[in-house]
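Structure file coords-v6.cif (mmCIF, C-alpha atoms; chains and numbers go by the auth columns) is printed below.
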data_my_file
#
loop_
_atom_site.group_PDB
_atom_site.id
_atom_site.type_symbol
_atom_site.label_atom_id
_atom_site.label_comp_id
_atom_site.label_asym_id
_atom_site.label_seq_id
_atom_site.Cartn_x
_atom_site.Cartn_y
_atom_site.Cartn_z
_atom_site.B_iso_or_equiv
_atom_site.auth_seq_id
_atom_site.auth_asym_id
ATOM 1 C CA MET A 1 -13.129 7.468 -1.761 0.00 1 A
ATOM 2 C CA ARG A 2 -11.528 4.800 0.415 0.00 2 A
ATOM 3 C CA VAL A 3 -9.107 5.672 3.215 0.00 3 A
ATOM 4 C CA VAL A 4 -6.811 2.708 3.926 0.00 4 A
ATOM 5 C CA GLY A 5 -4.799 2.905 7.143 0.00 5 A
ATOM 6 C CA VAL A 6 -1.126 2.024 6.727 0.00 6 A
ATOM 7 C CA ILE A 7 0.925 -0.020 9.171 0.00 7 A
ATOM 8 C CA ASP A 8 4.625 -0.477 8.407 0.00 8 A
ATOM 9 C CA LEU A 9 6.096 -3.451 10.280 0.00 9 A
ATOM 10 C CA LYS A 10 9.776 -3.731 11.144 0.00 10 A
ATOM 11 C CA GLY A 11 10.995 -6.257 13.648 0.00 11 A
ATOM 12 C CA GLY A 12 7.353 -6.950 14.445 0.00 12 A
ATOM 13 C CA HIS A 13 6.753 -3.357 15.537 0.00 13 A
ATOM 14 C CA ALA A 14 4.770 -0.575 13.881 0.00 14 A
ATOM 15 C CA VAL A 15 7.176 2.071 12.587 0.00 15 A
ATOM 16 C CA HIS A 16 6.598 5.507 11.106 0.00 16 A
ATOM 17 C CA ALA A 17 7.767 5.537 7.493 0.00 17 A
ATOM 18 C CA ARG A 18 9.420 8.720 6.240 0.00 18 A
ATOM 19 C CA GLY A 19 10.854 9.269 2.782 0.00 19 A
ATOM 20 C CA GLY A 20 11.490 5.591 2.056 0.00 20 A
ATOM 21 C CA ARG A 21 14.641 5.542 4.247 0.00 21 A
ATOM 22 C CA ARG A 22 13.796 2.292 6.017 0.00 22 A
ATOM 23 C CA ASP A 23 16.897 2.154 8.190 0.00 23 A
ATOM 24 C CA SER A 24 15.746 5.321 9.983 0.00 24 A
ATOM 25 C CA TYR A 25 12.108 4.378 10.654 0.00 25 A
ATOM 26 C CA ALA A 26 11.224 4.796 14.344 0.00 26 A
ATOM 27 C CA PRO A 27 8.365 3.118 16.265 0.00 27 A
ATOM 28 C CA VAL A 28 4.994 4.841 16.100 0.00 28 A
ATOM 29 C CA GLY A 29 4.439 6.607 19.419 0.00 29 A
ATOM 30 C CA MET A 30 0.931 8.073 19.248 0.00 30 A
ATOM 31 C CA ALA A 31 -2.123 7.469 17.087 0.00 31 A
ATOM 32 C CA ALA A 32 -5.161 9.750 17.267 0.00 32 A
ATOM 33 C CA GLY A 33 -4.196 10.857 20.765 0.00 33 A
ATOM 34 C CA SER A 34 -3.534 7.362 22.133 0.00 34 A
ATOM 35 C CA SER A 35 -0.165 5.840 22.995 0.00 35 A
ATOM 36 C CA VAL A 36 0.718 2.775 20.914 0.00 36 A
ATOM 37 C CA ASN A 37 4.499 2.605 21.466 0.00 37 A
ATOM 38 C CA GLY A 38 5.165 0.571 18.349 0.00 38 A
ATOM 39 C CA ASP A 39 2.439 -2.007 19.023 0.00 39 A
ATOM 40 C CA ALA A 40 1.066 -2.811 15.558 0.00 40 A
ATOM 41 C CA VAL A 41 -2.165 -4.324 16.863 0.00 41 A
ATOM 42 C CA ALA A 42 -2.803 -1.321 19.120 0.00 42 A
ATOM 43 C CA LEU A 43 -2.246 0.910 16.083 0.00 43 A
ATOM 44 C CA GLY A 44 -4.678 -1.180 14.079 0.00 44 A
ATOM 45 C CA ARG A 45 -7.289 -0.858 16.841 0.00 45 A
ATOM 46 C CA ALA A 46 -6.797 2.916 16.938 0.00 46 A
ATOM 47 C CA TYR A 47 -7.341 3.101 13.193 0.00 47 A
ATOM 48 C CA VAL A 48 -10.443 0.901 13.261 0.00 48 A
ATOM 49 C CA ASP A 49 -12.098 1.732 16.582 0.00 49 A
ATOM 50 C CA THR A 50 -11.166 5.396 17.029 0.00 50 A
ATOM 51 C CA LEU A 51 -10.741 6.720 13.497 0.00 51 A
ATOM 52 C CA GLY A 52 -13.283 4.531 11.701 0.00 52 A
ATOM 53 C CA VAL A 53 -10.850 3.092 9.143 0.00 53 A
ATOM 54 C CA ARG A 54 -12.470 0.221 7.264 0.00 54 A
ATOM 55 C CA GLU A 55 -9.371 -1.261 5.565 0.00 55 A
ATOM 56 C CA LEU A 56 -5.756 -1.765 6.640 0.00 56 A
ATOM 57 C CA TYR A 57 -2.590 -1.968 4.553 0.00 57 A
ATOM 58 C CA VAL A 58 0.436 -3.674 6.089 0.00 58 A
ATOM 59 C CA ALA A 59 3.930 -3.411 4.633 0.00 59 A
ATOM 60 C CA ASP A 60 6.007 -6.124 6.306 0.00 60 A
ATOM 61 C CA LEU A 61 9.421 -4.580 5.708 0.00 61 A
ATOM 62 C CA ASP A 62 11.342 -7.645 6.882 0.00 62 A
ATOM 63 C CA ALA A 63 9.501 -9.855 4.387 0.00 63 A
ATOM 64 C CA ILE A 64 9.949 -7.271 1.630 0.00 64 A
ATOM 65 C CA GLU A 65 13.697 -7.406 2.261 0.00 65 A
ATOM 66 C CA ARG A 66 14.129 -11.135 2.900 0.00 66 A
ATOM 67 C CA GLY A 67 11.093 -12.872 1.393 0.00 67 A
ATOM 68 C CA VAL A 68 7.713 -14.208 2.501 0.00 68 A
ATOM 69 C CA SER A 69 9.273 -16.660 4.962 0.00 69 A
ATOM 70 C CA ALA A 70 10.300 -13.654 7.102 0.00 70 A
ATOM 71 C CA MET A 71 6.786 -12.201 7.441 0.00 71 A
ATOM 72 C CA HIS A 72 5.335 -11.673 10.902 0.00 72 A
ATOM 73 C CA ARG A 73 2.468 -14.158 10.730 0.00 73 A
ATOM 74 C CA GLY A 74 1.354 -13.680 14.302 0.00 74 A
ATOM 75 C CA VAL A 75 0.991 -9.920 13.970 0.00 75 A
ATOM 76 C CA LEU A 76 -0.809 -10.270 10.642 0.00 76 A
ATOM 77 C CA GLY A 77 -3.206 -12.782 12.166 0.00 77 A
ATOM 78 C CA GLU A 78 -4.048 -10.429 15.045 0.00 78 A
ATOM 79 C CA LEU A 79 -4.596 -7.552 12.640 0.00 79 A
ATOM 80 C CA ALA A 80 -6.864 -9.693 10.464 0.00 80 A
ATOM 81 C CA ALA A 81 -8.863 -10.520 13.603 0.00 81 A
ATOM 82 C CA LEU A 82 -9.837 -6.839 13.892 0.00 82 A
ATOM 83 C CA GLY A 83 -12.438 -7.657 11.249 0.00 83 A
ATOM 84 C CA VAL A 84 -11.545 -5.298 8.406 0.00 84 A
ATOM 85 C CA PRO A 85 -10.008 -6.275 5.041 0.00 85 A
ATOM 86 C CA LEU A 86 -6.218 -6.545 5.183 0.00 86 A
ATOM 87 C CA TRP A 87 -3.916 -5.595 2.291 0.00 87 A
ATOM 88 C CA VAL A 88 -0.442 -7.083 2.775 0.00 88 A
ATOM 89 C CA ASP A 89 2.898 -6.446 1.079 0.00 89 A
ATOM 90 C CA ALA A 90 5.268 -9.215 2.144 0.00 90 A
ATOM 91 C CA GLY A 91 7.660 -9.328 -0.800 0.00 91 A
ATOM 92 C CA THR A 92 5.358 -11.601 -2.791 0.00 92 A
ATOM 93 C CA SER A 93 6.714 -12.826 -6.132 0.00 93 A
ATOM 94 C CA THR A 94 4.998 -16.192 -6.822 0.00 94 A
ATOM 95 C CA ALA A 95 1.567 -17.792 -6.540 0.00 95 A
ATOM 96 C CA ALA A 96 2.896 -19.892 -3.643 0.00 96 A
ATOM 97 C CA ASP A 97 3.839 -16.659 -1.878 0.00 97 A
ATOM 98 C CA VAL A 98 0.315 -15.350 -2.443 0.00 98 A
ATOM 99 C CA ALA A 99 -1.164 -18.465 -0.842 0.00 99 A
ATOM 100 C CA ALA A 100 1.101 -18.059 2.197 0.00 100 A
ATOM 101 C CA VAL A 101 0.149 -14.397 2.653 0.00 101 A
ATOM 102 C CA VAL A 102 -3.559 -15.182 2.304 0.00 102 A
ATOM 103 C CA ASP A 103 -3.135 -17.952 4.879 0.00 103 A
ATOM 104 C CA ALA A 104 -1.612 -15.352 7.228 0.00 104 A
ATOM 105 C CA GLY A 105 -4.785 -13.246 7.002 0.00 105 A
ATOM 106 C CA ALA A 106 -4.570 -11.054 3.895 0.00 106 A
ATOM 107 C CA ARG A 107 -7.658 -10.284 1.829 0.00 107 A
ATOM 108 C CA THR A 108 -5.588 -8.565 -0.884 0.00 108 A
ATOM 109 C CA VAL A 109 -1.958 -9.429 -1.631 0.00 109 A
ATOM 110 C CA ILE A 110 0.475 -6.822 -2.926 0.00 110 A
ATOM 111 C CA VAL A 111 2.882 -7.664 -5.723 0.00 111 A
ATOM 112 C CA ALA A 112 5.330 -4.777 -5.855 0.00 112 A
ATOM 113 C CA LEU A 113 7.488 -3.463 -8.661 0.00 113 A
ATOM 114 C CA GLU A 114 10.319 -3.292 -6.131 0.00 114 A
ATOM 115 C CA THR A 115 10.416 -7.083 -5.751 0.00 115 A
ATOM 116 C CA LEU A 116 8.813 -8.380 -8.984 0.00 116 A
ATOM 117 C CA ALA A 117 11.241 -10.286 -11.215 0.00 117 A
ATOM 118 C CA THR A 118 9.285 -10.204 -14.495 0.00 118 A
ATOM 119 C CA PHE A 119 5.844 -9.229 -15.718 0.00 119 A
ATOM 120 C CA GLU A 120 5.447 -12.821 -16.880 0.00 120 A
ATOM 121 C CA ALA A 121 5.635 -13.744 -13.193 0.00 121 A
ATOM 122 C CA LEU A 122 2.778 -11.307 -12.529 0.00 122 A
ATOM 123 C CA ASP A 123 0.785 -12.918 -15.362 0.00 123 A
ATOM 124 C CA ALA A 124 1.261 -16.316 -13.726 0.00 124 A
ATOM 125 C CA ILE A 125 0.326 -15.038 -10.258 0.00 125 A
ATOM 126 C CA CYS A 126 -2.940 -13.547 -11.537 0.00 126 A
ATOM 127 C CA LEU A 127 -3.772 -16.688 -13.495 0.00 127 A
ATOM 128 C CA GLU A 128 -3.087 -19.073 -10.609 0.00 128 A
ATOM 129 C CA SER A 129 -4.262 -16.980 -7.660 0.00 129 A
ATOM 130 C CA GLY A 130 -7.041 -14.898 -9.220 0.00 130 A
ATOM 131 C CA GLY A 131 -6.250 -11.336 -10.221 0.00 131 A
ATOM 132 C CA GLU A 132 -9.091 -9.876 -8.176 0.00 132 A
ATOM 133 C CA ARG A 133 -7.114 -10.513 -4.980 0.00 133 A
ATOM 134 C CA ILE A 134 -3.869 -9.044 -6.385 0.00 134 A
ATOM 135 C CA ALA A 135 -2.804 -5.400 -6.135 0.00 135 A
ATOM 136 C CA PHE A 136 0.201 -4.196 -8.111 0.00 136 A
ATOM 137 C CA SER A 137 2.269 -1.635 -6.215 0.00 137 A
ATOM 138 C CA LEU A 138 3.732 0.807 -8.726 0.00 138 A
ATOM 139 C CA ASP A 139 6.710 1.864 -6.626 0.00 139 A
ATOM 140 C CA LEU A 140 8.155 5.269 -7.421 0.00 140 A
ATOM 141 C CA ARG A 141 10.796 7.585 -6.040 0.00 141 A
ATOM 142 C CA LEU A 142 10.161 11.248 -6.802 0.00 142 A
ATOM 143 C CA GLY A 143 7.894 10.208 -9.649 0.00 143 A
ATOM 144 C CA GLU A 144 10.319 7.766 -11.268 0.00 144 A
ATOM 145 C CA PRO A 145 9.784 3.979 -11.188 0.00 145 A
ATOM 146 C CA VAL A 146 12.178 2.286 -8.778 0.00 146 A
ATOM 147 C CA ARG A 147 14.839 -0.063 -10.053 0.00 147 A
ATOM 148 C CA ALA A 148 13.384 -3.545 -9.923 0.00 148 A
ATOM 149 C CA PRO A 149 14.937 -6.984 -10.486 0.00 149 A
ATOM 150 C CA ASN A 150 16.158 -7.343 -14.084 0.00 150 A
ATOM 151 C CA ASP A 151 15.603 -3.591 -14.616 0.00 151 A
ATOM 152 C CA LEU A 152 11.921 -4.374 -15.094 0.00 152 A
ATOM 153 C CA ALA A 153 10.940 -0.705 -15.301 0.00 153 A
ATOM 154 C CA ALA A 154 13.750 0.411 -17.607 0.00 154 A
ATOM 155 C CA GLY A 155 12.470 2.735 -20.321 0.00 155 A
ATOM 156 C CA SER A 156 8.846 2.609 -19.147 0.00 156 A
ATOM 157 C CA SER A 157 6.711 5.401 -17.757 0.00 157 A
ATOM 158 C CA ALA A 158 4.545 4.962 -14.680 0.00 158 A
ATOM 159 C CA ALA A 159 1.435 4.896 -16.865 0.00 159 A
ATOM 160 C CA GLU A 160 2.913 2.209 -19.122 0.00 160 A
ATOM 161 C CA LEU A 161 3.751 0.041 -16.115 0.00 161 A
ATOM 162 C CA ALA A 162 0.206 0.455 -14.792 0.00 162 A
ATOM 163 C CA VAL A 163 -1.203 -0.648 -18.148 0.00 163 A
ATOM 164 C CA ARG A 164 1.044 -3.725 -18.182 0.00 164 A
ATOM 165 C CA ALA A 165 -0.131 -4.678 -14.691 0.00 165 A
ATOM 166 C CA ALA A 166 -3.775 -4.150 -15.676 0.00 166 A
ATOM 167 C CA ASP A 167 -3.219 -6.368 -18.724 0.00 167 A
ATOM 168 C CA ALA A 168 -1.876 -9.082 -16.406 0.00 168 A
ATOM 169 C CA GLY A 169 -5.244 -9.053 -14.659 0.00 169 A
ATOM 170 C CA VAL A 170 -4.604 -7.341 -11.322 0.00 170 A
ATOM 171 C CA GLY A 171 -7.658 -6.007 -9.537 0.00 171 A
ATOM 172 C CA SER A 172 -5.919 -2.913 -8.168 0.00 172 A
ATOM 173 C CA VAL A 173 -2.968 -0.628 -8.820 0.00 173 A
ATOM 174 C CA ILE A 174 -1.383 1.316 -5.962 0.00 174 A
ATOM 175 C CA VAL A 175 0.759 4.269 -7.010 0.00 175 A
ATOM 176 C CA LEU A 176 3.239 4.559 -4.136 0.00 176 A
ATOM 177 C CA ASP A 177 5.877 7.270 -4.157 0.00 177 A
ATOM 178 C CA LEU A 178 8.302 6.158 -1.456 0.00 178 A
ATOM 179 C CA ALA A 179 10.074 9.521 -1.330 0.00 179 A
ATOM 180 C CA ARG A 180 6.806 11.264 -0.417 0.00 180 A
ATOM 181 C CA VAL A 181 5.811 8.824 2.352 0.00 181 A
ATOM 182 C CA GLY A 182 5.547 10.554 5.729 0.00 182 A
ATOM 183 C CA THR A 183 6.743 13.906 4.384 0.00 183 A
ATOM 184 C CA GLY A 184 3.472 15.782 3.876 0.00 184 A
ATOM 185 C CA ALA A 185 4.704 16.676 0.405 0.00 185 A
ATOM 186 C CA GLY A 186 1.338 16.202 -1.284 0.00 186 A
ATOM 187 C CA ILE A 187 0.512 14.014 -4.248 0.00 187 A
ATOM 188 C CA ASP A 188 1.294 14.184 -7.959 0.00 188 A
ATOM 189 C CA LEU A 189 -2.171 14.749 -9.380 0.00 189 A
ATOM 190 C CA HIS A 190 -0.968 14.927 -12.978 0.00 190 A
ATOM 191 C CA MET A 191 0.556 11.463 -12.690 0.00 191 A
ATOM 192 C CA MET A 192 -2.552 10.044 -11.057 0.00 192 A
ATOM 193 C CA ASP A 193 -4.675 11.526 -13.833 0.00 193 A
ATOM 194 C CA ASP A 194 -2.376 10.032 -16.494 0.00 194 A
ATOM 195 C CA ILE A 195 -2.510 6.599 -14.874 0.00 195 A
ATOM 196 C CA ARG A 196 -6.289 6.664 -14.481 0.00 196 A
ATOM 197 C CA ARG A 197 -6.709 7.546 -18.154 0.00 197 A
ATOM 198 C CA ALA A 198 -4.257 4.819 -19.201 0.00 198 A
ATOM 199 C CA ALA A 199 -5.794 2.113 -16.979 0.00 199 A
ATOM 200 C CA PRO A 200 -9.458 3.045 -16.549 0.00 200 A
ATOM 201 C CA ARG A 201 -10.824 -0.277 -15.300 0.00 201 A
ATOM 202 C CA VAL A 202 -8.618 -1.142 -12.321 0.00 202 A
ATOM 203 C CA THR A 203 -9.190 0.049 -8.775 0.00 203 A
ATOM 204 C CA LEU A 204 -6.664 2.876 -8.352 0.00 204 A
ATOM 205 C CA LEU A 205 -5.152 3.986 -5.045 0.00 205 A
ATOM 206 C CA ALA A 206 -2.526 6.602 -4.218 0.00 206 A
ATOM 207 C CA GLY A 207 0.074 6.381 -1.492 0.00 207 A
ATOM 208 C CA GLY A 208 2.735 8.733 -0.214 0.00 208 A
ATOM 209 C CA GLY A 209 2.247 12.389 0.704 0.00 209 A
ATOM 210 C CA VAL A 210 -1.520 12.516 1.339 0.00 210 A
ATOM 211 C CA ARG A 211 -1.945 15.445 3.749 0.00 211 A
ATOM 212 C CA ASP A 212 -5.609 16.181 4.344 0.00 212 A
ATOM 213 C CA SER A 213 -9.173 16.028 3.033 0.00 213 A
ATOM 214 C CA GLY A 214 -8.248 18.506 0.289 0.00 214 A
ATOM 215 C CA ASP A 215 -5.836 15.962 -1.153 0.00 215 A
ATOM 216 C CA LEU A 216 -8.528 13.283 -0.961 0.00 216 A
ATOM 217 C CA ARG A 217 -10.968 15.496 -2.856 0.00 217 A
ATOM 218 C CA ALA A 218 -8.339 16.232 -5.489 0.00 218 A
ATOM 219 C CA LEU A 219 -7.587 12.522 -5.904 0.00 219 A
ATOM 220 C CA ALA A 220 -11.295 11.736 -6.234 0.00 220 A
ATOM 221 C CA ALA A 221 -11.601 14.429 -8.909 0.00 221 A
ATOM 222 C CA VAL A 222 -9.027 12.669 -11.110 0.00 222 A
ATOM 223 C CA GLY A 223 -10.745 9.308 -10.694 0.00 223 A
ATOM 224 C CA CYS A 224 -8.758 7.783 -7.857 0.00 224 A
ATOM 225 C CA ASP A 225 -10.702 5.232 -5.797 0.00 225 A
ATOM 226 C CA GLY A 226 -8.806 5.510 -2.544 0.00 226 A
ATOM 227 C CA ALA A 227 -5.633 6.450 -0.699 0.00 227 A
ATOM 228 C CA LEU A 228 -3.141 4.800 1.610 0.00 228 A
ATOM 229 C CA VAL A 229 -2.735 7.085 4.617 0.00 229 A
ATOM 230 C CA ALA A 230 -0.556 6.950 7.730 0.00 230 A
ATOM 231 C CA THR A 231 0.781 10.317 8.925 0.00 231 A
ATOM 232 C CA ALA A 232 -2.473 12.231 8.361 0.00 232 A
ATOM 233 C CA LEU A 233 -4.393 9.551 10.284 0.00 233 A
ATOM 234 C CA LEU A 234 -1.855 9.479 13.121 0.00 234 A
ATOM 235 C CA SER A 235 -2.183 13.249 13.490 0.00 235 A
ATOM 236 C CA GLY A 236 -5.982 13.204 13.205 0.00 236 A
ATOM 237 C CA ARG A 237 -6.082 15.398 10.082 0.00 237 A
ATOM 238 C CA ILE A 238 -7.986 12.631 8.273 0.00 238 A
ATOM 239 C CA THR A 239 -10.369 10.001 9.650 0.00 239 A
ATOM 240 C CA GLY A 240 -11.391 6.733 8.071 0.00 240 A
ATOM 241 C CA GLY A 241 -14.995 7.893 7.826 0.00 241 A
ATOM 242 C CA TRP A 242 -14.117 10.621 5.326 0.00 242 A
ATOM 243 C CA ASN A 243 -16.097 10.424 2.078 0.00 243 A
ATOM 244 C CA ALA A 244 -15.506 12.524 -1.002 0.00 244 A
ATOM 245 C CA ALA A 245 -18.463 14.218 -2.619 0.00 245 A
ATOM 246 C CA VAL A 246 -18.018 13.508 -6.318 0.00 246 A
#

Go ahead and render the structure in this file as structure tokens.
Amino acid sequence: MRVVGVIDLKGGHAVHARGGRRDSYAPVGMAAGSSVNGDAVALGRAYVDTLGVRELYVADLDAIERGVSAMHRGVLGELAALGVPLWVDAGTSTAADVAAVVDAGARTVIVALETLATFEALDAICLESGGERIAFSLDLRLGEPVRAPNDLAAGSSAAELAVRAADAGVGSVIVLDLARVGTGAGIDLHMMDDIRRAAPRVTLLAGGGVRDSGDLRALAAVGCDGALVATALLSGRITGGWNAAV
């Protein structure tokens, strides 16, 4: 069971995501007992050096809103220099975008439902860039797929969208419920179970609402490979060295 530490970037600073309401995100103050005061690299060091996190996930909110050209390359480069694999969501929608994000330091590039124009575009990205480095973010709000460009998710269940992404060739699927992020609301185990059964061969991660080691054990029991975690790491309720016994 992999614990991936989450860093949300806004204006180049690390902010604490809560409920998907991005206009209200405030800078991260403390991480595992240390002051970071919104410094994304300091947060990354706290995750890696203090909490033993072995992978980092960065959501560059400015790039998600305005495109890859707005990503904070310098911050991403410093985070990559910490020496652990970096997953990056920077509003990627083309193979050229993927190349730019990899050049900035990403090991795995996120292509999100929120910003994906068509599934044919995802097919092309996986073909040109190599699907093993692509993670599809199945963005939800209270369990329902978010509205995407061209109403991409209209009429489809979360499991059906995961299957379509797996068919495109992505290496990973992240099930991210934006409404649960930072709320301690817990995870939807039934949905995770449904998605694992529908797409058995992809690496599957959950994000949004993970509270403690009990949630990690429950996710492992339904076949989840890992979890994106921020609040529970910041508070010290989970450490990156946690391993599920399955």

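Comparing the minimum interatomic distances between Thr231 of chain A and each of A:Ala32, A:Ile125, A:Met1, A:Val202, counting only C-alpha atoms, we find that A:Ala32 sits nearest.
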
(message) Give me, as a VMD selection string, all polymer residues having an atom no more than 12 Å from Ala96 of chain A, counting all atoms listed in the file and skipping those fewer than 5 positions away in the same chain.
(response) chain A and resid 67 to 69 91 101 to 103 109 121 124 to 126 128 to 129

(request) Evaluate the PyMOL selection byres ((chain A and resi 200) around 12) here and jot the selected residues down as a ChimeraX atom specification. (result) /A:159,162-163,166-167,171-173,192-199,201-204,222-225

What would the selection look like, as a compact mmCIF listing (two decimals) with C-alpha atoms, keeping the file's coordinate frame, if the PyMOL selection byres ((chain A and resi 6) around 10) were run on the coordinates I just shared?
# COMPACT_ATOMS: atom_id res chain seq x y z
CA VAL A 3 -9.11 5.67 3.22
CA VAL A 4 -6.81 2.71 3.93
CA GLY A 5 -4.80 2.90 7.14
CA ILE A 7 0.92 -0.02 9.17
CA ASP A 8 4.62 -0.48 8.41
CA LEU A 9 6.10 -3.45 10.28
CA ALA A 14 4.77 -0.57 13.88
CA HIS A 16 6.60 5.51 11.11
CA ALA A 17 7.77 5.54 7.49
CA LEU A 43 -2.25 0.91 16.08
CA GLY A 44 -4.68 -1.18 14.08
CA TYR A 47 -7.34 3.10 13.19
CA GLU A 55 -9.37 -1.26 5.56
CA LEU A 56 -5.76 -1.76 6.64
CA TYR A 57 -2.59 -1.97 4.55
CA VAL A 58 0.44 -3.67 6.09
CA ALA A 59 3.93 -3.41 4.63
CA TRP A 87 -3.92 -5.60 2.29
CA VAL A 88 -0.44 -7.08 2.78
CA GLY A 207 0.07 6.38 -1.49
CA ALA A 227 -5.63 6.45 -0.70
CA LEU A 228 -3.14 4.80 1.61
CA VAL A 229 -2.74 7.08 4.62
CA ALA A 230 -0.56 6.95 7.73
CA THR A 231 0.78 10.32 8.93
CA LEU A 233 -4.39 9.55 10.28
CA LEU A 234 -1.86 9.48 13.12

(request) Identify the residues within 6 Å of coordinate (9.4, 2.5, 14.0) (same frame as the file), considering only C-alpha atoms, and give the answer as a list of chain:residue names. (result) A:Ala14, A:Val15, A:His16, A:Tyr25, A:Ala26, A:Pro27, A:Val28

Just-selected residues, C-alpha atoms written as a PDB file, in the coordinates of the input:
ATOM      1  CA  ALA A  14       4.770  -0.575  13.881  1.00  0.00           C
ATOM      2  CA  VAL A  15       7.176   2.071  12.587  1.00  0.00           C
ATOM      3  CA  HIS A  16       6.598   5.507  11.106  1.00  0.00           C
ATOM      4  CA  TYR A  25      12.108   4.378  10.654  1.00  0.00           C
ATOM      5  CA  ALA A  26      11.224   4.796  14.344  1.00  0.00           C
ATOM      6  CA  PRO A  27       8.365   3.118  16.265  1.00  0.00           C
ATOM      7  CA  VAL A  28       4.994   4.841  16.100  1.00  0.00           C
TER       8      VAL A  28
END

Excluding same-chain residues fewer than 3 positions from Asp188 of chain A, what lies within 12 Å of it counting only C-alpha atoms, as a short mmCIF file (atom, residue, chain, number, x, y, z; two decimals) with C-alpha atoms, in the coordinates of the input?
data_model
loop_
_atom_site.label_atom_id
_atom_site.label_comp_id
_atom_site.auth_asym_id
_atom_site.auth_seq_id
_atom_site.Cartn_x
_atom_site.Cartn_y
_atom_site.Cartn_z
CA LEU A 140 8.15 5.27 -7.42
CA ARG A 141 10.80 7.58 -6.04
CA LEU A 142 10.16 11.25 -6.80
CA GLY A 143 7.89 10.21 -9.65
CA GLU A 144 10.32 7.77 -11.27
CA ALA A 158 4.54 4.96 -14.68
CA VAL A 175 0.76 4.27 -7.01
CA LEU A 176 3.24 4.56 -4.14
CA ASP A 177 5.88 7.27 -4.16
CA ALA A 179 10.07 9.52 -1.33
CA ARG A 180 6.81 11.26 -0.42
CA ALA A 185 4.70 16.68 0.40
CA MET A 191 0.56 11.46 -12.69
CA MET A 192 -2.55 10.04 -11.06
CA ASP A 193 -4.68 11.53 -13.83
CA ASP A 194 -2.38 10.03 -16.49
CA ILE A 195 -2.51 6.60 -14.87
CA ALA A 206 -2.53 6.60 -4.22
CA GLY A 207 0.07 6.38 -1.49
CA GLY A 208 2.74 8.73 -0.21
CA GLY A 209 2.25 12.39 0.70
CA VAL A 210 -1.52 12.52 1.34
CA ASP A 215 -5.84 15.96 -1.15
CA ALA A 218 -8.34 16.23 -5.49
CA LEU A 219 -7.59 12.52 -5.90
CA VAL A 222 -9.03 12.67 -11.11
CA CYS A 224 -8.76 7.78 -7.86
#

(message) At a cut-off of 12 Å, using all atoms listed in the file, what residues contact segment 150-153 of chain A? Leave out same-chain residues fewer than 2 positions from it and give the result as a VMD selection string.
(response) chain A and resid 112 to 122 138 to 140 144 to 148 155 to 162 164 to 165
